[in-house]
file final28.csv (CSV, C-alpha atoms)
chain,number,residue,atom,x,y,z
A,1,LEU,CA,19.7,12.1,30.2
A,2,ASP,CA,19.4,11.8,34.0
A,3,PHE,CA,18.5,8.1,33.8
A,4,ALA,CA,21.4,7.4,31.4
A,5,THR,CA,23.8,9.1,33.8
A,6,GLN,CA,22.5,7.1,36.8
A,7,GLN,CA,22.8,3.8,34.9
A,8,ALA,CA,26.3,4.7,33.7
A,9,MET,CA,25.3,4.5,30.0
A,10,SER,CA,27.7,5.4,27.3
A,11,GLY,CA,25.3,6.0,24.4
A,12,LEU,CA,21.6,6.5,23.4
A,13,VAL,CA,19.9,5.3,20.3
A,14,LEU,CA,16.7,7.3,19.6
A,15,GLY,CA,14.1,7.4,16.8
A,16,ARG,CA,14.0,10.7,15.0
A,17,THR,CA,11.1,13.0,15.9
A,18,ARG,CA,8.9,14.8,13.4
A,19,GLU,CA,10.2,18.0,11.9
A,20,ARG,CA,9.3,21.2,13.8
A,21,PRO,CA,10.7,24.2,11.8
A,22,PHE,CA,9.9,26.8,14.5
A,23,ALA,CA,11.5,24.7,17.3
A,24,ARG,CA,14.6,24.3,15.1
A,25,MET,CA,14.8,28.0,14.5
A,26,ILE,CA,15.0,28.7,18.3
A,27,ASN,CA,17.3,25.7,18.9
A,28,ARG,CA,14.7,23.8,20.9
A,29,THR,CA,14.2,20.5,19.1
A,30,LEU,CA,14.8,17.3,21.0
A,31,THR,CA,17.9,16.5,18.9
A,32,GLN,CA,19.4,19.9,19.5
A,33,ARG,CA,18.7,19.8,23.3
A,34,LEU,CA,20.3,16.3,23.5
A,35,LEU,CA,23.4,17.5,21.7
A,36,GLN,CA,23.7,20.5,24.0
A,37,HIS,CA,23.2,18.6,27.4
A,38,GLY,CA,24.3,15.1,26.5
A,39,ALA,CA,27.8,15.8,25.3
A,40,HIS,CA,29.2,13.0,27.5
A,41,LEU,CA,27.0,10.4,25.7
A,42,GLU,CA,27.2,9.0,22.2
A,43,LEU,CA,23.9,9.8,20.5
A,44,THR,CA,22.5,7.9,17.5
A,45,ILE,CA,19.5,9.4,15.9
A,46,MET,CA,17.7,6.9,13.5
A,47,ALA,CA,15.1,7.9,11.0
A,48,THR,CA,12.3,5.6,9.8
A,49,PRO,CA,12.6,3.9,6.4
A,50,ASP,CA,9.9,6.1,5.0
A,51,ALA,CA,11.7,9.3,6.2
A,52,ARG,CA,14.9,8.1,4.6
A,53,LYS,CA,13.2,7.4,1.3
A,54,LYS,CA,11.6,10.8,1.4
A,55,ALA,CA,14.9,12.5,2.1
A,56,ARG,CA,16.6,10.7,-0.8
A,57,ARG,CA,13.9,11.7,-3.2
A,58,SER,CA,14.1,15.3,-2.0
A,59,ALA,CA,17.9,15.4,-2.3
A,60,GLY,CA,17.6,14.0,-5.8
A,61,ARG,CA,15.0,16.5,-6.8
A,62,TRP,CA,17.0,19.4,-5.4
A,63,SER,CA,20.2,18.4,-7.1
A,64,ALA,CA,18.5,18.1,-10.5
A,65,TRP,CA,16.5,21.3,-9.9
A,66,ARG,CA,19.7,23.2,-9.0
A,67,TRP,CA,21.6,22.6,-12.2
A,68,SER,CA,19.6,21.6,-15.3
A,69,ASP,CA,16.3,23.2,-14.5
A,70,VAL,CA,17.8,26.5,-13.4
A,71,ALA,CA,19.9,26.6,-16.6
A,72,ILE,CA,16.7,26.0,-18.7
A,73,ALA,CA,14.9,28.8,-16.8
A,74,LEU,CA,17.7,31.3,-17.2
A,75,GLY,CA,18.1,30.4,-20.8
A,76,GLY,CA,14.3,30.9,-21.4
A,77,VAL,CA,14.4,34.3,-19.6
A,78,ALA,CA,17.5,35.4,-21.6
A,79,ALA,CA,15.9,34.4,-24.9
A,80,ALA,CA,12.7,36.2,-24.0
A,81,LEU,CA,14.6,39.4,-23.1
A,82,GLY,CA,16.5,39.2,-26.4
A,83,VAL,CA,13.4,38.7,-28.5
A,84,ALA,CA,11.6,41.5,-26.5
A,85,ALA,CA,14.5,43.9,-27.1
A,86,LEU,CA,14.4,43.2,-30.8
A,87,ALA,CA,10.7,43.6,-31.0
A,88,ASP,CA,10.8,46.8,-28.9
A,89,ARG,CA,13.5,48.4,-31.1
A,90,PHE,CA,12.4,47.3,-34.6
A,91,LEU,CA,8.7,46.6,-34.3
A,92,GLU,CA,7.9,49.1,-31.6
A,93,LEU,CA,5.4,46.8,-29.9
A,94,LYS,CA,3.5,48.3,-27.1
A,95,ASP,CA,2.7,45.0,-25.3
A,96,LEU,CA,5.6,42.6,-24.8
A,97,SER,CA,3.8,40.3,-22.4
A,98,PRO,CA,3.1,37.5,-25.0
A,99,ILE,CA,6.8,37.1,-25.6
A,100,PHE,CA,7.5,36.5,-21.9
A,101,LEU,CA,4.4,34.3,-21.6
A,102,ILE,CA,5.6,32.1,-24.4
A,103,ALA,CA,8.9,31.7,-22.6
A,104,VAL,CA,7.2,30.6,-19.4
A,105,LEU,CA,5.1,28.1,-21.4
A,106,LEU,CA,8.2,26.6,-23.1
A,107,VAL,CA,10.0,26.3,-19.8
A,108,ALA,CA,7.0,24.7,-18.2
A,109,VAL,CA,6.6,22.0,-20.8
A,110,ARG,CA,10.2,21.1,-20.5
A,111,THR,CA,10.6,21.1,-16.7
A,112,ARG,CA,8.2,21.3,-13.8
A,113,GLY,CA,5.9,23.7,-12.0
A,114,SER,CA,8.4,25.2,-9.6
A,115,VAL,CA,10.8,26.0,-12.4
A,116,ALA,CA,8.0,27.6,-14.4
A,117,LEU,CA,7.2,29.7,-11.3
A,118,LEU,CA,10.9,30.9,-11.2
A,119,THR,CA,10.7,31.7,-14.9
A,120,ALA,CA,7.6,33.7,-14.5
A,121,VAL,CA,9.0,35.8,-11.6
A,122,LEU,CA,12.3,36.4,-13.6
A,123,CYS,CA,10.3,37.5,-16.7
A,124,PHE,CA,8.2,39.8,-14.5
A,125,LEU,CA,11.3,41.4,-13.1
A,126,GLY,CA,13.1,41.6,-16.5
A,127,TRP,CA,10.1,43.2,-18.2
A,128,ASN,CA,9.8,45.7,-15.4
A,129,PHE,CA,13.5,46.5,-15.3
A,130,PHE,CA,14.1,46.8,-19.1
A,131,PHE,CA,10.9,47.7,-20.8
A,132,THR,CA,8.7,49.9,-18.4
A,133,GLU,CA,9.2,53.5,-17.7
A,134,PRO,CA,11.5,54.5,-16.0
A,135,ARG,CA,13.7,52.0,-17.6
A,136,TYR,CA,16.6,50.2,-15.7
A,137,THR,CA,14.8,50.6,-12.4
A,138,PHE,CA,12.1,48.6,-10.7
A,139,HIS,CA,9.9,51.6,-10.3
A,140,VAL,CA,6.7,51.9,-12.3
A,141,LEU,CA,5.3,55.3,-13.1
A,142,ALA,CA,2.2,54.5,-15.1
A,143,GLN,CA,-0.6,52.8,-13.3
A,144,ARG,CA,-1.5,50.9,-16.5
A,145,ASP,CA,2.0,49.4,-16.7
A,146,LEU,CA,1.7,48.3,-13.1
A,147,VAL,CA,-1.6,46.6,-13.8
A,148,ASN,CA,-0.2,45.0,-16.9
A,149,LEU,CA,2.8,43.6,-15.0
A,150,PHE,CA,0.7,42.0,-12.3
A,151,VAL,CA,-1.8,40.6,-14.8
A,152,PHE,CA,1.1,39.1,-16.7
A,153,LEU,CA,2.5,37.6,-13.6
A,154,ALA,CA,-0.8,36.0,-12.7
A,155,ALA,CA,-1.3,34.7,-16.2
A,156,ALA,CA,2.2,33.3,-16.4
A,157,LEU,CA,1.8,31.5,-13.0
A,158,VAL,CA,-1.5,29.9,-14.0
A,159,THR,CA,-0.4,29.0,-17.5
A,160,GLY,CA,2.9,27.7,-16.3
A,161,ARG,CA,1.3,25.5,-13.7
A,162,LEU,CA,-1.3,24.1,-16.3
A,163,ALA,CA,1.5,23.4,-18.8
A,164,SER,CA,3.6,21.7,-16.2
A,165,ALA,CA,0.6,19.6,-15.1
A,166,LEU,CA,-0.1,18.6,-18.7
A,167,ARG,CA,3.5,17.6,-19.2
A,168,ARG,CA,3.4,15.5,-16.1
A,169,GLN,CA,0.2,13.7,-17.3
A,170,VAL,CA,1.8,13.0,-20.7
A,171,LEU,CA,4.9,11.6,-19.0
A,172,ASN,CA,2.8,9.4,-16.7
A,173,LEU,CA,0.8,8.1,-19.7
A,174,ARG,CA,4.0,7.3,-21.6
A,175,GLN,CA,5.4,5.5,-18.5
A,176,SER,CA,2.2,3.6,-18.0
A,177,ASN,CA,2.1,2.6,-21.7
A,178,SER,CA,5.7,1.4,-21.6
A,179,THR,CA,5.0,-0.5,-18.3
A,180,VAL,CA,2.0,-2.3,-19.9
A,181,GLN,CA,4.0,-3.2,-23.0
A,182,ALA,CA,7.0,-4.5,-21.0
A,183,LEU,CA,4.7,-6.6,-18.7
A,184,ARG,CA,2.8,-7.9,-21.7
A,185,SER,CA,5.9,-9.0,-23.6
A,186,LEU,CA,7.3,-10.6,-20.5
A,187,SER,CA,4.1,-12.5,-19.8
A,188,ARG,CA,4.1,-13.9,-23.4
A,189,ALA,CA,7.7,-15.0,-23.1
A,190,LEU,CA,7.1,-16.6,-19.7
A,191,ALA,CA,4.1,-18.5,-20.9
A,192,ALA,CA,6.2,-20.3,-23.5
A,193,ALA,CA,9.0,-21.2,-21.0
A,194,ALA,CA,8.8,-24.9,-20.1
A,195,ASP,CA,11.3,-25.2,-17.3
A,196,ALA,CA,13.2,-23.1,-14.7
A,197,ASP,CA,16.2,-22.6,-17.0
A,198,ALA,CA,14.0,-21.2,-19.8
A,199,VAL,CA,12.3,-18.9,-17.3
A,200,ARG,CA,15.7,-17.7,-16.1
A,201,SER,CA,16.8,-17.0,-19.6
A,202,VAL,CA,13.6,-15.0,-20.4
A,203,ALA,CA,13.9,-13.1,-17.1
A,204,LEU,CA,17.5,-12.0,-17.7
A,205,ARG,CA,16.7,-10.6,-21.1
A,206,ALA,CA,13.6,-8.8,-20.0
A,207,LEU,CA,15.0,-7.4,-16.8
A,208,ALA,CA,18.2,-6.2,-18.5
A,209,ARG,CA,16.1,-4.4,-21.1
A,210,ALA,CA,13.9,-2.7,-18.5
A,211,ALA,CA,16.7,-1.8,-16.0
A,212,GLU,CA,19.3,-0.8,-18.6
A,213,ALA,CA,21.9,-2.3,-16.4
A,214,ASP,CA,23.8,-5.6,-15.7
A,215,VAL,CA,21.3,-8.2,-14.4
A,216,THR,CA,21.8,-11.6,-12.9
A,217,LEU,CA,19.5,-14.2,-11.4
A,218,TRP,CA,20.3,-16.9,-8.9
A,219,LEU,CA,17.9,-19.8,-8.4
A,220,ARG,CA,17.6,-20.9,-4.8
A,221,ARG,CA,18.5,-24.6,-4.2
A,222,GLY,CA,17.8,-25.5,-0.6
A,223,ASP,CA,19.2,-22.8,1.7
A,224,SER,CA,21.7,-21.3,-0.8
A,225,LEU,CA,21.7,-19.6,-4.1
A,226,ALA,CA,23.0,-21.7,-7.0
A,227,GLY,CA,26.1,-20.2,-8.5
A,228,LEU,CA,26.5,-17.3,-6.1
A,229,ALA,CA,29.6,-18.7,-4.5
A,230,ASP,CA,31.3,-18.9,-7.9
A,231,SER,CA,30.3,-15.4,-9.0
A,232,ALA,CA,32.6,-12.4,-9.3
A,233,LEU,CA,30.8,-10.5,-6.6
A,234,SER,CA,32.6,-9.3,-3.6
A,235,VAL,CA,32.1,-10.7,-0.1
A,236,GLY,CA,29.8,-7.9,0.9
A,237,GLU,CA,27.8,-8.2,-2.3
A,238,ARG,CA,27.4,-12.0,-1.8
A,239,ALA,CA,26.4,-11.3,1.8
A,240,ALA,CA,23.7,-8.9,0.6
A,241,ALA,CA,22.4,-11.4,-1.9
A,242,ASP,CA,22.3,-14.2,0.8
A,243,TRP,CA,20.5,-11.8,3.2
A,244,CYS,CA,17.9,-11.0,0.5
A,245,ALA,CA,17.3,-14.8,0.0
A,246,GLN,CA,17.1,-15.6,3.7
A,247,HIS,CA,14.8,-12.8,4.7
A,248,GLY,CA,12.8,-12.2,1.5
A,249,LEU,CA,13.4,-8.5,1.5
A,250,PRO,CA,15.3,-6.1,-0.9
A,251,ALA,CA,19.0,-5.5,0.0
A,252,GLY,CA,22.0,-3.6,-1.4
A,253,ARG,CA,22.2,-0.2,-3.0
A,254,GLY,CA,19.2,2.1,-2.4
A,255,THR,CA,17.8,0.1,0.5
A,256,ASP,CA,18.3,0.1,4.2
A,257,THR,CA,20.4,-3.1,4.3
A,258,LEU,CA,24.0,-3.4,3.2
A,259,GLN,CA,23.6,-0.4,0.9
A,260,ALA,CA,27.4,0.2,0.5
A,261,THR,CA,27.4,-2.1,-2.6
A,262,ALA,CA,27.1,-1.6,-6.3
A,263,TRP,CA,24.2,-4.1,-6.6
A,264,TRP,CA,20.5,-3.9,-5.8
A,265,PHE,CA,19.0,-7.3,-4.9
A,266,LEU,CA,15.3,-8.2,-5.2
A,267,PRO,CA,13.7,-11.5,-3.9
A,268,LEU,CA,11.5,-13.6,-6.2
A,269,LYS,CA,8.8,-14.8,-3.8
A,270,ALA,CA,5.9,-17.2,-4.1
A,271,GLY,CA,3.9,-16.8,-0.9
A,272,GLU,CA,6.4,-16.9,1.9
A,273,ARG,CA,9.0,-18.8,-0.1
A,274,THR,CA,11.9,-17.1,-1.8
A,275,LEU,CA,12.5,-18.9,-5.1
A,276,ALA,CA,15.4,-16.8,-6.5
A,277,VAL,CA,17.2,-13.5,-6.2
A,278,ALA,CA,17.6,-10.9,-9.0
A,279,GLY,CA,20.6,-8.6,-8.9
A,280,PHE,CA,20.9,-5.3,-10.7
A,281,ARG,CA,24.2,-3.5,-11.0
A,282,ALA,CA,23.5,0.1,-10.2
A,283,GLU,CA,27.1,1.4,-10.5
A,284,GLY,CA,27.8,3.7,-13.5
A,285,ARG,CA,24.2,4.7,-14.1
A,286,ALA,CA,21.6,7.2,-12.6
A,287,PRO,CA,19.5,6.0,-9.7
A,288,TRP,CA,16.3,4.2,-10.7
A,289,SER,CA,13.2,6.4,-10.4
A,290,GLU,CA,10.1,5.3,-8.5
A,291,GLY,CA,8.4,4.3,-11.7
A,292,GLU,CA,11.3,2.2,-12.8
A,293,ARG,CA,11.6,0.4,-9.5
A,294,ALA,CA,7.8,-0.3,-9.5
A,295,LEU,CA,8.1,-1.8,-13.0
A,296,LEU,CA,11.0,-4.0,-12.0
A,297,GLY,CA,9.1,-5.1,-8.9
A,298,MET,CA,6.1,-6.1,-11.0
A,299,MET,CA,8.3,-8.0,-13.5
A,300,VAL,CA,10.0,-9.8,-10.6
A,301,GLU,CA,6.6,-10.9,-9.3
A,302,ASP,CA,5.6,-12.3,-12.7
A,303,ILE,CA,8.9,-14.1,-13.0
A,304,ALA,CA,8.4,-15.6,-9.5
A,305,GLU,CA,5.0,-16.9,-10.5
A,306,ALA,CA,6.4,-18.5,-13.6
A,307,LEU,CA,9.2,-20.1,-11.6
A,308,ASP,CA,6.7,-21.4,-9.1
A,309,ARG,CA,4.6,-22.9,-12.0
A,310,THR,CA,7.6,-24.6,-13.5
A,311,GLN,CA,8.8,-26.0,-10.2
A,312,LEU,CA,5.3,-27.3,-9.5
A,313,ALA,CA,5.2,-28.9,-12.9
A,314,GLU,CA,8.6,-30.5,-12.4
A,315,ALA,CA,7.5,-31.8,-8.9
A,316,LEU,CA,4.3,-33.3,-10.4
A,317,GLU,CA,6.3,-34.9,-13.2
A,318,ALA,CA,8.7,-36.4,-10.7
A,319,THR,CA,5.8,-37.7,-8.7
A,320,ARG,CA,4.2,-39.3,-11.8
A,321,VAL,CA,7.5,-40.9,-12.8
A,322,GLN,CA,8.0,-42.2,-9.3
A,323,ALA,CA,4.5,-43.7,-9.3
A,324,GLU,CA,5.0,-45.4,-12.6
A,325,THR,CA,8.4,-46.7,-11.4
A,326,GLU,CA,6.7,-48.2,-8.4
A,327,ASN,CA,3.9,-49.8,-10.5
A,328,LEU,CA,6.5,-51.3,-12.8
A,329,ARG,CA,8.6,-52.6,-9.9
A,330,ALA,CA,5.4,-54.2,-8.4
A,331,ALA,CA,4.5,-55.8,-11.8
A,332,LEU,CA,8.0,-57.3,-12.2
A,333,PHE,CA,7.9,-58.6,-8.6
A,334,PHE,CA,4.5,-60.2,-9.3
A,335,ASN,CA,5.8,-61.9,-12.5
A,336,ASP,CA,8.9,-63.1,-10.7
A,337,THR,CA,6.8,-64.7,-8.0
A,338,ALA,CA,4.4,-66.4,-10.5
A,339,THR,CA,7.3,-67.9,-12.5
A,340,THR,CA,8.8,-69.4,-9.3
A,341,GLU,CA,5.5,-71.0,-8.4
A,342,ILE,CA,5.1,-72.5,-11.9
A,343,TYR,CA,8.5,-74.2,-11.8
A,344,THR,CA,8.1,-75.3,-8.2
A,345,SER,CA,4.8,-77.1,-9.0
A,346,GLY,CA,6.5,-79.0,-11.9
A,347,VAL,CA,4.2,-77.7,-14.6
A,348,VAL,CA,5.9,-77.9,-18.0
A,349,GLY,CA,5.5,-74.8,-20.0
A,350,SER,CA,7.1,-71.5,-20.8
A,351,VAL,CA,6.6,-68.2,-19.1
A,352,ARG,CA,7.0,-64.9,-21.0
A,353,CYS,CA,7.8,-61.8,-19.0
A,354,VAL,CA,7.4,-58.4,-20.6

call {"tool": "encode", "arguments": {"input": "final28.csv", "output": "structure tokens"}}
result
Amino acid sequence: LDFATQQAMSGLVLGRTRERPFARMINRTLTQRLLQHGAHLELTIMATPDARKKARRSAGRWSAWRWSDVAIALGGVAAALGVAALADRFLELKDLSPIFLIAVLLVAVRTRGSVALLTAVLCFLGWNFFFTEPRYTFHVLAQRDLVNLFVFLAAALVTGRLASALRRQVLNLRQSNSTVQALRSLSRALAAAADADAVRSVALRALARAAEADVTLWLRRGDSLAGLADSALSVGERAAADWCAQHGLPAGRGTDTLQATAWWFLPLKAGERTLAVAGFRAEGRAPWSEGERALLGMMVEDIAEALDRTQLAEALEATRVQAETENLRAALFFNDTATTEIYTSGVVGSVRCV
């Protein structure tokens, strides 16, 4: 700050430091101190791309956890309390822990481990409040009831965690299977594509099916994308697509470059060359998960390899045609020269040119 003042600077651009919760609690982080003592300067704190991605994932997880998962947890706890009340009144069961344990398991296989933990704690408190003596208080008179409560809590936490882990493994297996199937069908379709237009047609169908969104693909011709200038995209969206083609990096929504657009652009690269740009319209649908983005990235790589293959085949065919043309031109020139020499020498005869 002293140096900035001496040099008559008007602003500072700084990289964000690592999180220090204790320093933040006592108002001693670097950012907080700069804000306190550098009020006369314009401060810009920039996070790294990895930190921004982590923050977006955490924000997405928190928003989803706040609404749907909490509703499932509360619904499971309410259902368990209702079933336990009926069992206590009409069946006179002495041990109601299996009812609450089943509720924790059901919530765990539908959501995630943190929600199962919340459900276990709520079931523990509900059982203690409604079904242990003295009722409608959190006091426990009998030592046996206290032991049962804590044993139930431990069992619910362990089983909920295991059930959540099993659910996550099943979901990962399903996603892996769908990824393999999508890549296999794409590879088969690309193998039958003979030219760049056929590859583009196959790519559009496969990417639209995998992304569940509007997809377009522009082939690169020279330094520009063919058809981009005539598209219905806005100026900013065309700029993002051009930037993606020029730099060979993703651009648009969900990235760190020109993200205020409704499109997400991915480059199709062969080595260091950008052959085309794929655009995905993200507006009107939920953000793509990490697994979906990984799948689209692998599909784009396969499509780029197919485009490179067809372009190489077209270049080889053009070279072959040019070589044959040169050979034919040389043969015709030779026949022309031979005919001239025959007529010049006065030889009577006929010359047949093919």

call {"tool": "atom_distance", "arguments": {"input": "final28.csv", "atom1": "CA of Glu237 in chain A", "atom2": "CA of Val277 in chain A"}}
result
12.5 Å

call {"tool": "residues_around", "arguments": {"input": "final28.csv", "residues": "range 98-103 of chain A", "least_positions_apart": "2", "cutoff": "8 Å", "atoms": "all atoms listed in the file", "output": "list in words"}}
result
Gly76, Val77, Ala79, Ala80, Leu81, Val83, Ala84, Asp95, Leu96, Leu105, Leu106, Val107, Thr119, Ala120, Cys123, Phe152, Ala155 and Ala156 of chain A

call {"tool": "residues_around", "arguments": {"input": "final28.csv", "residues": "range 219-236 of chain A", "least_positions_apart": "4", "cutoff": "7 Å", "atoms": "only C-alpha atoms", "output": "ChimeraX atom specification"}}
result
/A:240,275-277

call {"tool": "atom_distance", "arguments": {"input": "final28.csv", "atom1": "CA of Leu149 in chain A", "atom2": "CA of Ala73 in chain A"}}
result
19.2 Å

call {"tool": "closest_residue", "arguments": {"input": "final28.csv", "among": "A:Ile72, A:Leu41, A:Ala211, A:Ala315", "to": "Asp195 in chain A", "atoms": "only C-alpha atoms"}}
result
A:Ala315

call {"tool": "atom_distance", "arguments": {"input": "final28.csv", "atom1": "CA of Val202 in chain A", "atom2": "CA of Pro267 in chain A"}}
result
16.9 Å

call {"tool": "residues_around", "arguments": {"input": "final28.csv", "residues": "Leu43 in chain A", "least_positions_apart": "5", "cutoff": "10 Å", "atoms": "all atoms listed in the file", "output": "NGL selection string"}}
result
:A and (10-14 or 31 or 34-35 or 38)

call {"tool": "closest_residue", "arguments": {"input": "final28.csv", "among": "A:Arg110, A:Glu292, A:Val104, A:Leu316", "to": "Ser178 in chain A", "atoms": "all atoms listed in the file"}}
result
A:Glu292
